[in-house]
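Novice: For reference, the structure I am asking about is given below.
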Amino acid sequence: MTAFRIPGKGRIDHARPVRFTFDGRVVEGRAGDTVASALLANGIHLMGRSFKYHRPRGAVTAGSEEPNALIRTARGRGRAEPNTRATMQEIHESLAAESQNRWPALAFDVGAINDGLYMLFSAGFYYKTFMWPRSFWDRVYEPLIRRAAGLGRAPTDPDPDLYASRNLHCDVLVVGGGPAGLAAALAAARTGAEVVLVDEQAEIGGTLLSEPHLVIDGQPAWDWLAAALAELGAMPNVRLMPRTTAIGYYHQNMVGLCQRLTDHLADPPADAPRERLWRVRAGQVVLAQGAIEKPLVFDGNDRPGVMLSGAAQTFLHRFGVRVGRRAVVVTTHDSAWHTAFDLAAAGVRIAAIVDLRPGVDGALTARAAALGIEGLTGHTVTDTRGRLRVSGVRVNPVADGRVGPGRIVPCDALLMCGGWTPSLHLFSHTRGTLAWDEASGAFLPDRKTEACQIAGAGRGLWGVAAALEDGAKAGAEAAAAIGRATAPGTFAVQGDRPGTGLVVRELPTDADPGRAKAFVDFQNDVTAKDIRLAVREGMRSIEHVKRYTTTGMATDQGKLSNINGLMIAADALDRPAPEVGLTTFRPPYTPTSFGALAGYRRDGHFEVTRKTPIDPWAEAQGAVFEPVALWRRARYFPRPGEDMDAAVARECRAVRTGVGMFDASTLGKIEVVGPDAVTFLERMYTNPWAKLGVGRCRYGLLLGEDGFIRDDGVIGRLAPDRFHVTTTTGGAARVLSVMEDYLQTEWPDLDVWLTSTSEQWAVVAVQGPKARALLAPFVQGLDLSEAAFPHMSVAECTVAGFPARLFRVSFTGELGFEVNVPARHGRALWETLWQAGQAHGIAAYGTEAMHLLRAEKGFIIVGQDTDGTVTPQDAGLSWAIGKAKPDFVGKRSLVRPDIVAPGRKQLVGLLTEDPDVVLEEGAQIVADPRQPVPMRMIGHVTSSYRSGALGRSIALALVEGGHGRMGETLHVPMPGKTHAVRVTGVTFYDPEGARLKGEEVPA
Amino acid sequence: MTHFSARSLLKNALSGHKDWPAQWPESQPKAEYDVVIVGAGGHGLGAAYYLASQHGITNVAVIDKGWLGGGNTGRNTTIIRSNYLYDESARLYDHALDLWDNLSQELNYNVMYSRRGVMMLAHSVHDEQSFQRHIHSNRLNGVDNCWLTPAEAKAFCPPLDITARRRFPVVGAALQRRAGTARHDAVAWGYARGAAARGVDIIQNCPVTAIRRGPDGAVTGVETAKGFIRAKKVAVSAAGSTSVVLQSAGLRMPLESYPLQALVSEPVKPCFPCVVMSNTVHAYISQSDKGELVIGSGTDQYVSYSQRGGLPLIEHTVAAICEVFPMFRRMRMLRKWGGIVDVTPDRSPILGKLPVKGLYVNCGWGTGGFKATPGAGHLLAWTVAKDEPHPINAPFTLERFTTGRLIDEAAAAAVAH
Ligand SMILES: Cc1cc2nc3c(=O)[nH]c(=O)nc-3n(C[C@H](O)[C@H](O)[C@H](O)COP(=O)(O)OP(=O)(O)OC[C@H]3O[C@@H](n4cnc5c(N)ncnc54)[C@H](O)[C@@H]3O)c2cc1C
């Protein structure tokens, strides 16, 4: 048993020693300890170094608001994280803890030199210097500042752990498992409501865990707690969630929770997630988060051994740890007196209780006297002694605002209490307003914006009896709000310690406050003088003060510093605190791991790759894939020894001379059905649809309201009221939502249904002069001859025994068909045709060949040859506009002055002077290559390939006034060389379209 | 104005920092100004500074409904770059970059402009085509931007995972070395201090409720929470609130206001040397001088004036960052917040005269106007002072949405085929 552990005391398991390491040294604690409580049990207060001055620091709290005792925790490769609160991390045998922000060692840190230069590093000093010489910022000053800043080290290995997430609906979510939260949960749960109770601590109980002397309804507090938890735990409508932090409170009662599942286990199950993010939609939320104790601001209030009195109380009762042998208490609130009494009872020598208030409740002073404790009311603390641990405190009397001579009281712990701040962070996330309450000297909840109740210390009530009553009332009100009325229970509490206090700024001092190291924000090393300096420099808004000094911006997010900072700023501004106001609290309540937020979305599950039914076949064939939107598509099918160029050349040759197969399943498909389907398409697309016969299809062009091309695709009419619309692969979802948007907001009168069928159909494109010969034997119920089923036809039939929609379309310029079959038959159809195709020398071709083949024909790819600034006229697609139509999306924009003005960029073909030069896609085009930079660019290359069919390179480009430049020579300046190009039409291959007919199948 | 330097810092340290003057006074409005600027963001304050310093117009008020710099200026992720596609944009943003270079010295306020390089990741053939188009265009425009192979990208940013097994493998990157970040608050404060020193009144906590026009249609002044203020010239630079403010002058602006969210991690020692953006996964990241990882996402799906923001977008953004940088999974999010960004149909700003005499606007910077702060301020000042646009902002008219001469940088990033 270690020197500071009290045998048998606390809620830890004294029979189970647990060993971990701290800075390489083995430390023994007990099961149930946090790193902080275990270190304190061993007399170790020095746990970290501060941000700016590298001051030695120890734990100042016992909870998640801890600003000082931040450690690096590790357990094997990839499982290390910086800035973990020693006060929250439970110990286990696999834990390696390390202090941070010190070099070479925690006890001797060279960075502490900054502490000596303290006056130089005042608030905002970096805005005033490091400006000369100018070039030094990037190379000298900034690297230095960056190296000095930061706390821990970021992990460098990928994290092997899993993270999970879940959605949950409940009637009542209770945040905080102290007396108020427990009473609320009990009241609501007893009505049968679905209740979730969360608490960030390892154990639910809140204040009750550190006030075992209480007697509630005749039971000792801990027995009452056990009974309450047992009752809640036995109810099927209740979910108890310890180690779970409510991180943010969002619109419409959505609360995010982060549940920590394995960080406290020595040997977690391999498949257990480390943390789980819950998205809870609650009918009612009860916020019972309690209050956070406020530090006092005085010179030297940050030395290891100086901590909040409530923390000492928690370490004592929950962990059985004395935080010192000889303690001084300094306070402006009654609660710290009780801490002193409890510590005294546990054998800690209380050297003095220093209370700034001249008049303190006689019962407290009498009790102190009875215990032989010196009660120094009307006194202040003006300095502390000691470096790595507090060794003494300077105490002075205060009378009529004057500070008298001080004396040093030796001690090894200094416990402070400046009152309590209701914890309203989550409430503030909802933009609920706060109002200053003069009586309690705190901001309390005012106007609510969400369906929530605030209970207990969170709304300024003090004492366990009040918290229980208030919690029960809030729980009953929450239940009533969801239609389960109930009467709140009452509680009989003995041993309650109601109390009052005084709100102060800095403690009065006889020294020069302008030089005092009186910390407001411990971690960021912001002192009272920094705040006053900020105000002096014109930072009159509390937000400016915060940003200029960084107070409240540390990892505790101002939980300890905000009110002190505000009081000091208000004083400096000579304005009342409520007028100055608080800065906005931002989620999360406590820092939340990226892993929990990312959840399942990692690797293959980040954005799930969409694959066609034919994808496994392509993979087996050794296809090389490329991502296209969320899909992966086969780019080419190399044979042994082939590179991309060779494979693509072969694939293209097969299509041009025989037959090729292409998996077109990724194309977007939308079924447009209804009596007004044709009217709808007339309005959406530029083309006319009314006269399109059943069994025919047409190339459709979709514009934005600005008149620019957004999407395209073939649309087939299967019945008077039924269309099969295809879109680009990447555009499918966007087109559907644009259509829905118009349907629902602009034309709700139209009787039309839209259904996405992209994944319901597998599509096999069969293209090439022999396409009909290959396909015809498998088609039943349809005559494929040129006369019966000409180009741009569509029909329902059977292909290879599968029900199919067969399109006669061509994106290659050759005779072509696209066979749509239900997705589950896609692979079988593909393999059937593949087998049969062997006799015709068939090749499977990928997207690269498809791109090349269509470029030879001058067919555009939306998003490659267009970029959202291209009109149909620019793209040479004026023919696709229904001239007689009264309106369609984007029509009005097509007559805007700059859209019809000369000099627009228009799509043209380019042939390089040197036929072997393949231009780079994205390369810029100029008329005069000899001009200096910045050059006047008149266009760019959109598509560029080596064409096997033409035996040379070809390119498409958008060029200013391009349609009027046929035959002109332009230039493409590249690094080192400029290529001359000739402007041509876009159709390089078979301009007459003769090949669309292919070879007739001999009868 | 006390000159800021290592010497003045030392001198004041010795005297206990008691002698620093206010960087700007707390001004109350006068009855009339030559120019009223609505919105004390970086852009509005910058305009006031340049009106005073370059055009000798000092009878100027900058009016804000809240605290200066509290809008998007104080909420953004501070990425500064100029490798935009179109000539008009490249000129606009490069102009700003030139001003950034010397801004700390010009303002005598360290805005910490850090040329650490901005790298944009390409994850597909399509990305590569689009980036190459930018690079070629930038090269011929004299704008710094170059292509990196995956290995070169990794060398520039060691935490980057370039293994092919990733869901979105890195196939290359576009790097602007001259680009970087700056300290956002310092930009607002530096301009405020510089403007105030030259006589500009900065009036905070004073919402402008309406713009008033006389019988001839010309602007006569602004109605505010502190009363009517006369001015023959009013420049509106109110970011997400611009459309609301201008509605009172009878103008309907082609703007949509969206929440845009960002977050920071807990601070850590230097681990991330540059700025990395990925449009494909919708996330960008850098590390502040304080040590926090600064991470931004795309805009929310729906228009809104609420700065609360929600969880889903944050989840997605963090997942995206962890996908590209898997070692950051055990880092923690410290703080997240949102701003309201004003988005035009072509994602380029509107900076110039409005069809109302005496009324000027600077808006539509959307998700990316911090980088333009010195440029926008400078050009707005020019336009107000001379009652005509500078050649650089001349193309960024309101009329372009009627005539169709858009400068569509969003389209340039293009749709996937
Ligand atoms: C999360 C986020 C990340 C971003 N990241 C980047 C980035 O990395 N790089 C980049 O370049 N840009 C980024 N931006 C965009 C950038 O922040 C803005 O484009 C830029 O700061 C706009 O500056 P501003 O001065 O025009 O606007 P603001 O700073 O918003 O100033 C407008 C001011 O107008 C005031 N105002 C509004 N209405 C009224 C009224 N009625 N009366 C008086 N005053 C009024 C507001 O209070 C505000 O102070 C980001 C934005 C956000 C929100």
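Each chain of the structure tokens is named A, B, ... in the order shown, its residues numbered from 1; ligands are numbered from 1 in display order.
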So that I can see what lies close to Ala246 (chain A), please list as JSON, numbers by chain the residues with an atom at most 8 Å from it, counting only C-alpha atoms and leaving out residues fewer than 4 positions away in the same chain.

Specialist: {"A": [175, 198, 200, 255, 256, 257, 258, 426, 589]}

Novice: Include N, CA, C and O atoms and write out the residues we just selected as a PDB file, in the first residue's frame.

Specialist:
ATOM      1  N   VAL A 175     -28.854  13.251 -19.765  1.00  0.00           N
ATOM      2  CA  VAL A 175     -27.412  13.436 -19.856  1.00  0.00           C
ATOM      3  C   VAL A 175     -26.874  13.770 -18.476  1.00  0.00           C
ATOM      4  O   VAL A 175     -27.198  14.824 -17.926  1.00  0.00           O
ATOM      5  N   VAL A 198     -26.976   8.601 -19.868  1.00  0.00           N
ATOM      6  CA  VAL A 198     -25.549   8.540 -20.190  1.00  0.00           C
ATOM      7  C   VAL A 198     -24.741   9.321 -19.163  1.00  0.00           C
ATOM      8  O   VAL A 198     -25.213  10.314 -18.615  1.00  0.00           O
ATOM      9  N   GLU A 200     -20.395  10.399 -18.577  1.00  0.00           N
ATOM     10  CA  GLU A 200     -19.056  10.290 -19.165  1.00  0.00           C
ATOM     11  C   GLU A 200     -18.089   9.492 -18.286  1.00  0.00           C
ATOM     12  O   GLU A 200     -17.072   9.009 -18.747  1.00  0.00           O
ATOM     13  N   VAL A 255     -28.977  14.249 -30.493  1.00  0.00           N
ATOM     14  CA  VAL A 255     -27.798  14.368 -29.630  1.00  0.00           C
ATOM     15  C   VAL A 255     -26.784  13.314 -30.058  1.00  0.00           C
ATOM     16  O   VAL A 255     -27.139  12.148 -30.261  1.00  0.00           O
ATOM     17  N   GLY A 256     -25.560  13.737 -30.236  1.00  0.00           N
ATOM     18  CA  GLY A 256     -24.493  12.800 -30.573  1.00  0.00           C
ATOM     19  C   GLY A 256     -23.844  12.296 -29.297  1.00  0.00           C
ATOM     20  O   GLY A 256     -23.567  13.083 -28.383  1.00  0.00           O
ATOM     21  N   LEU A 257     -23.631  10.994 -29.206  1.00  0.00           N
ATOM     22  CA  LEU A 257     -22.968  10.414 -28.034  1.00  0.00           C
ATOM     23  C   LEU A 257     -21.712   9.693 -28.495  1.00  0.00           C
ATOM     24  O   LEU A 257     -21.700   9.080 -29.554  1.00  0.00           O
ATOM     25  N   CYS A 258     -20.682   9.749 -27.669  1.00  0.00           N
ATOM     26  CA  CYS A 258     -19.517   8.927 -27.951  1.00  0.00           C
ATOM     27  C   CYS A 258     -19.290   7.987 -26.772  1.00  0.00           C
ATOM     28  O   CYS A 258     -19.087   8.431 -25.636  1.00  0.00           O
ATOM     29  N   LEU A 426     -24.013  21.886 -23.559  1.00  0.00           N
ATOM     30  CA  LEU A 426     -24.930  21.283 -24.525  1.00  0.00           C
ATOM     31  C   LEU A 426     -26.128  22.192 -24.777  1.00  0.00           C
ATOM     32  O   LEU A 426     -26.582  22.352 -25.905  1.00  0.00           O
ATOM     33  N   TYR A 589     -18.580  18.485 -26.640  1.00  0.00           N
ATOM     34  CA  TYR A 589     -18.456  18.802 -25.215  1.00  0.00           C
ATOM     35  C   TYR A 589     -17.045  18.498 -24.722  1.00  0.00           C
ATOM     36  O   TYR A 589     -16.430  19.294 -24.029  1.00  0.00           O
TER      37      TYR A 589
END

Novice: Using only C-alpha atoms, which residues sit within 10 Å of Leu852 (chain A) once same-chain residues fewer than 2 positions away are excluded, as a short mmCIF file (atom, residue, chain, number, x, y, z; two decimals) with N, CA and C atoms, in the first residue's frame?

Specialist:
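Wrote around34.cif, looks like this:
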data_model
loop_
_atom_site.label_atom_id
_atom_site.label_comp_id
_atom_site.auth_asym_id
_atom_site.auth_seq_id
_atom_site.Cartn_x
_atom_site.Cartn_y
_atom_site.Cartn_z
N VAL A 648 -5.73 -1.23 -76.07
CA VAL A 648 -6.81 -0.38 -76.57
C VAL A 648 -6.86 -0.44 -78.09
N ALA A 649 -5.69 -0.46 -78.72
CA ALA A 649 -5.66 -0.54 -80.19
C ALA A 649 -6.33 -1.83 -80.65
N CYS A 652 -10.15 -1.65 -80.10
CA CYS A 652 -10.80 -0.78 -81.09
C CYS A 652 -10.89 -1.48 -82.45
N THR A 812 -20.19 4.16 -80.98
CA THR A 812 -18.91 3.89 -81.60
C THR A 812 -18.91 4.25 -83.07
N THR A 847 -13.41 1.22 -71.01
CA THR A 847 -13.78 2.63 -71.16
C THR A 847 -12.80 3.40 -72.03
N GLU A 848 -11.53 2.98 -72.00
CA GLU A 848 -10.54 3.72 -72.78
C GLU A 848 -10.84 3.58 -74.28
N ALA A 849 -11.10 2.34 -74.73
CA ALA A 849 -11.44 2.13 -76.13
C ALA A 849 -12.76 2.84 -76.46
N MET A 850 -13.71 2.74 -75.55
CA MET A 850 -14.99 3.42 -75.76
C MET A 850 -14.77 4.91 -75.99
N ARG A 854 -15.57 6.77 -79.64
CA ARG A 854 -16.56 7.86 -79.76
C ARG A 854 -15.88 9.15 -80.19
N ALA A 855 -14.61 9.34 -79.79
CA ALA A 855 -13.90 10.56 -80.19
C ALA A 855 -13.67 10.55 -81.70
N GLU A 856 -13.38 9.36 -82.24
CA GLU A 856 -13.21 9.28 -83.70
C GLU A 856 -14.48 9.73 -84.41
N LYS A 857 -15.62 9.53 -83.74
CA LYS A 857 -16.90 9.94 -84.31
C LYS A 857 -17.29 11.36 -83.89
N GLY A 858 -16.54 11.96 -82.97
CA GLY A 858 -16.86 13.31 -82.52
C GLY A 858 -18.04 13.37 -81.57
N PHE A 859 -18.35 12.25 -80.90
CA PHE A 859 -19.41 12.28 -79.89
C PHE A 859 -18.82 12.83 -78.59
N SER A 943 -10.18 16.27 -75.40
CA SER A 943 -9.99 14.83 -75.59
C SER A 943 -8.86 14.65 -76.58
N SER A 944 -8.04 13.63 -76.36
CA SER A 944 -6.93 13.44 -77.28
C SER A 944 -6.47 12.00 -77.26
N TYR A 945 -6.29 11.42 -78.44
CA TYR A 945 -5.97 9.99 -78.53
C TYR A 945 -5.11 9.74 -79.76
N ARG A 946 -4.52 8.54 -79.78
CA ARG A 946 -3.91 8.01 -81.00
C ARG A 946 -4.97 7.11 -81.63
N SER A 947 -5.41 7.45 -82.82
CA SER A 947 -6.48 6.69 -83.47
C SER A 947 -5.90 5.62 -84.38
N GLY A 948 -6.23 4.38 -84.08
CA GLY A 948 -5.77 3.29 -84.94
C GLY A 948 -6.45 3.35 -86.30
N ILE A 954 -5.64 12.26 -82.92
CA ILE A 954 -6.79 13.14 -83.10
C ILE A 954 -7.08 13.83 -81.77
N ALA A 955 -7.77 14.96 -81.84
CA ALA A 955 -8.13 15.64 -80.59
C ALA A 955 -9.41 16.43 -80.79
#

Novice: Just the residues within 7 Å of region 195-198 of chain B, please, counting only C-alpha atoms, with nothing from its chain fewer than 2 positions along; format it as a VMD selection string.

Specialist: chain B and resid 1 24 48 to 49 52 58 191 to 193 200 to 201

Novice: I need the residue nearest chain A from this list: B:Pro158, B:Pro270, B:Pro259, B:Gly39. Use only C-alpha atoms for the distance.

Specialist: B:Pro270

Novice: When distances are computed from only C-alpha atoms, which of A:Asp355, A:Glu651, A:Asp334, A:Glu921 shows the smallest separation from chain B?

Specialist: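 Nearest candidate to chain B out of A:Asp355, A:Glu651, A:Asp334, A:Glu921: A:Glu921.
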
Novice: May I have the residues within 6 Å of ligand 1, computed using only C-alpha atoms and all ligand atoms, as a PyMOL selection string?

Specialist: chain B and resi 38-44+63-66+68-73+75-80+207-209+237-239+241+245+260-262+338-341+365-371

Novice: Return the single residue from A:Ile145, A:Ala188, A:Ala647, A:Ala800 that is closest to chain B, with distances computed using only C-alpha atoms.

Specialist: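 Counting only C-alpha atoms, the residue closest to chain B is A:Ile145.
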
Novice: Calculated over only C-alpha atoms, which of the candidates B:Val187, B:Ser89, B:Gly227, B:Phe131 has the smallest distance to Ile350 (chain B)?

Specialist: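 When distances to Ile350 (chain B) are compared using only C-alpha atoms, the smallest one comes from B:Ser89.
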
Novice: Pick from A:Ala399, A:Val981, A:Ala732, A:Ala291: nearest to chain B, with only C-alpha atoms counted?

Specialist: A:Ala732

Novice: With only C-alpha atoms as the counted atoms, please give the residues lying no more than 8 Å from Arg515 (chain A), apart from itself and same-chain residues fewer than 4 positions off, as a PDB file with all heavy atoms, in the first residue's frame.

Specialist:
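As written to disk, selection25.pdb reads:
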ATOM      1  N   MET A 119       7.341  37.940 -19.385  1.00  0.00           N
ATOM      2  CA  MET A 119       6.805  39.269 -19.692  1.00  0.00           C
ATOM      3  C   MET A 119       6.832  39.539 -21.196  1.00  0.00           C
ATOM      4  O   MET A 119       6.031  40.299 -21.713  1.00  0.00           O
ATOM      5  CB  MET A 119       7.588  40.348 -18.937  1.00  0.00           C
ATOM      6  CG  MET A 119       7.267  40.436 -17.462  1.00  0.00           C
ATOM      7  SD  MET A 119       5.497  40.539 -17.088  1.00  0.00           S
ATOM      8  CE  MET A 119       5.155  42.251 -17.519  1.00  0.00           C
ATOM      9  N   LYS A 529      -3.382  39.151 -16.304  1.00  0.00           N
ATOM     10  CA  LYS A 529      -2.782  40.347 -16.904  1.00  0.00           C
ATOM     11  C   LYS A 529      -2.904  40.305 -18.431  1.00  0.00           C
ATOM     12  O   LYS A 529      -3.009  41.328 -19.086  1.00  0.00           O
ATOM     13  CB  LYS A 529      -1.313  40.481 -16.456  1.00  0.00           C
ATOM     14  CG  LYS A 529      -0.325  40.115 -17.503  1.00  0.00           C
ATOM     15  CD  LYS A 529       1.095  40.270 -17.119  1.00  0.00           C
ATOM     16  CE  LYS A 529       1.990  39.294 -17.876  1.00  0.00           C
ATOM     17  NZ  LYS A 529       1.729  38.973 -19.230  1.00  0.00           N
TER      18      LYS A 529
ATOM     19  N   GLY B  16       5.803  46.487 -18.004  1.00  0.00           N
ATOM     20  CA  GLY B  16       4.612  45.746 -17.594  1.00  0.00           C
ATOM     21  C   GLY B  16       3.453  45.857 -18.567  1.00  0.00           C
ATOM     22  O   GLY B  16       2.310  45.640 -18.205  1.00  0.00           O
TER      23      GLY B  16
END

Novice: What's the 8 Å shell around Ser593 (chain A), counting only C-alpha atoms, without same-chain residues fewer than 3 positions away, as a JSON list (two decimals) with N, CA, C and O atoms, in the first residue's frame?

Specialist:
[["chain", "number", "residue", "atom", "x", "y", "z"],
["A", 596, "ALA", "N", -14.08, 7.70, -34.00],
["A", 596, "ALA", "CA", -15.50, 7.54, -33.66],
["A", 596, "ALA", "C", -16.37, 8.29, -34.65],
["A", 596, "ALA", "O", -17.43, 7.82, -35.05],
["A", 597, "LEU", "N", -15.92, 9.47, -35.07],
["A", 597, "LEU", "CA", -16.72, 10.26, -36.01],
["A", 597, "LEU", "C", -16.76, 9.58, -37.38],
["A", 597, "LEU", "O", -17.77, 9.60, -38.06],
["B", 329, "ARG", "N", -6.64, 8.78, -37.13],
["B", 329, "ARG", "CA", -7.88, 8.28, -36.51],
["B", 329, "ARG", "C", -7.92, 8.49, -35.00],
["B", 329, "ARG", "O", -8.98, 8.65, -34.43],
["B", 330, "ARG", "N", -6.77, 8.44, -34.35],
["B", 330, "ARG", "CA", -6.78, 8.60, -32.89],
["B", 330, "ARG", "C", -6.59, 10.05, -32.46],
["B", 330, "ARG", "O", -6.50, 10.34, -31.27],
["B", 331, "MET", "N", -6.53, 10.97, -33.42],
["B", 331, "MET", "CA", -6.58, 12.38, -33.05],
["B", 331, "MET", "C", -8.02, 12.68, -32.62],
["B", 331, "MET", "O", -8.94, 11.95, -32.94],
["B", 332, "ARG", "N", -8.18, 13.80, -31.90],
["B", 332, "ARG", "CA", -9.53, 14.14, -31.46],
["B", 332, "ARG", "C", -9.97, 15.49, -31.99],
["B", 332, "ARG", "O", -9.17, 16.42, -32.08],
["B", 333, "MET", "N", -11.24, 15.56, -32.30],
["B", 333, "MET", "CA", -11.84, 16.85, -32.69],
["B", 333, "MET", "C", -12.04, 17.68, -31.44],
["B", 333, "MET", "O", -12.68, 17.25, -30.49]]

Novice: Could you check the closest approach to chain A for each of B:Met277, B:Ala96, B:Leu255, B:Ala188 and tell me which residue wins, using only C-alpha atoms?

Specialist: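 Ranking B:Met277, B:Ala96, B:Leu255, B:Ala188 by distance to chain A, first place goes to B:Ala188.
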
Novice: CA of His126 (chain B) to CA of Gly604 (chain A): how many Å, to one decimal?

Specialist: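 So the two atoms, CA of His126 (chain B) and CA of Gly604 (chain A), lie 21.0 Å apart.
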
Novice: Write out as a PyMOL selection string the residues lying within 10 Å of region 268-272 of chain A, counting only C-alpha atoms and excluding same-chain residues fewer than 2 positions away.

Specialist: chain A and resi 161-164+261-266+274-275

Novice: Could you give me, as a compact mmCIF listing (two decimals) with N, CA, C and O atoms, in the first residue's frame, the residues within 10 Å of Gly250 (chain B), counting only C-alpha atoms and dropping anything in the same chain fewer than 3 positions from it?

Specialist:
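And here is the file that came out, part.txt:
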# COMPACT_ATOMS: atom_id res chain seq x y z
N ILE B 211 -31.00 49.99 -46.45
CA ILE B 211 -30.29 50.99 -47.24
C ILE B 211 -31.36 51.94 -47.79
O ILE B 211 -32.39 51.50 -48.29
N ARG B 212 -31.13 53.22 -47.63
CA ARG B 212 -32.13 54.20 -48.08
C ARG B 212 -31.72 54.82 -49.41
O ARG B 212 -30.55 55.07 -49.64
N ARG B 213 -32.74 55.05 -50.27
CA ARG B 213 -32.50 55.70 -51.56
C ARG B 213 -33.36 56.95 -51.65
O ARG B 213 -34.46 56.99 -51.11
N VAL B 245 -29.33 42.33 -46.84
CA VAL B 245 -29.08 43.77 -46.75
C VAL B 245 -29.51 44.47 -48.04
O VAL B 245 -30.15 45.52 -48.02
N LEU B 246 -29.19 43.84 -49.18
CA LEU B 246 -29.46 44.52 -50.44
C LEU B 246 -30.93 44.48 -50.84
O LEU B 246 -31.38 45.28 -51.65
N GLN B 247 -31.65 43.56 -50.25
CA GLN B 247 -33.08 43.51 -50.53
C GLN B 247 -33.73 44.85 -50.16
O GLN B 247 -34.64 45.31 -50.84
N MET B 253 -30.45 39.65 -55.19
CA MET B 253 -29.13 39.18 -55.59
C MET B 253 -29.14 37.70 -55.94
O MET B 253 -29.85 36.92 -55.30
N VAL B 356 -27.65 50.86 -58.84
CA VAL B 356 -28.21 51.93 -58.02
C VAL B 356 -27.08 52.91 -57.80
O VAL B 356 -25.99 52.51 -57.39

Novice: Just the number, please: distance in Å from CA of Ala179 (chain B) to CA of Gln132 (chain B), one decimal.

Specialist: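 Answer for the CA of Ala179 (chain B) to CA of Gln132 (chain B) separation: 17.8 Å.
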
Novice: Could you check how far CA of Gly489 (chain A) sits from CA of Val215 (chain A), in Å to one decimal?

Specialist: 16.5 Å

Novice: Region 574-767 of chain A: which residues are strand (DSSP E) by DSSP, as a VMD selection string?

Specialist: chain A and resid 592 to 593 624 to 628 631 to 636 660 to 663 668 to 673 697 to 703 709 to 719 722 to 727 753 to 756 761 to 767

Novice: Can you list every residue in region 590-833 of chain A that DSSP puts in alpha helix (DSSP H), as a PyMOL selection string?

Specialist: chain A and resi 594-598+615-620+644-657+677-684+732-741+771-775+826-833
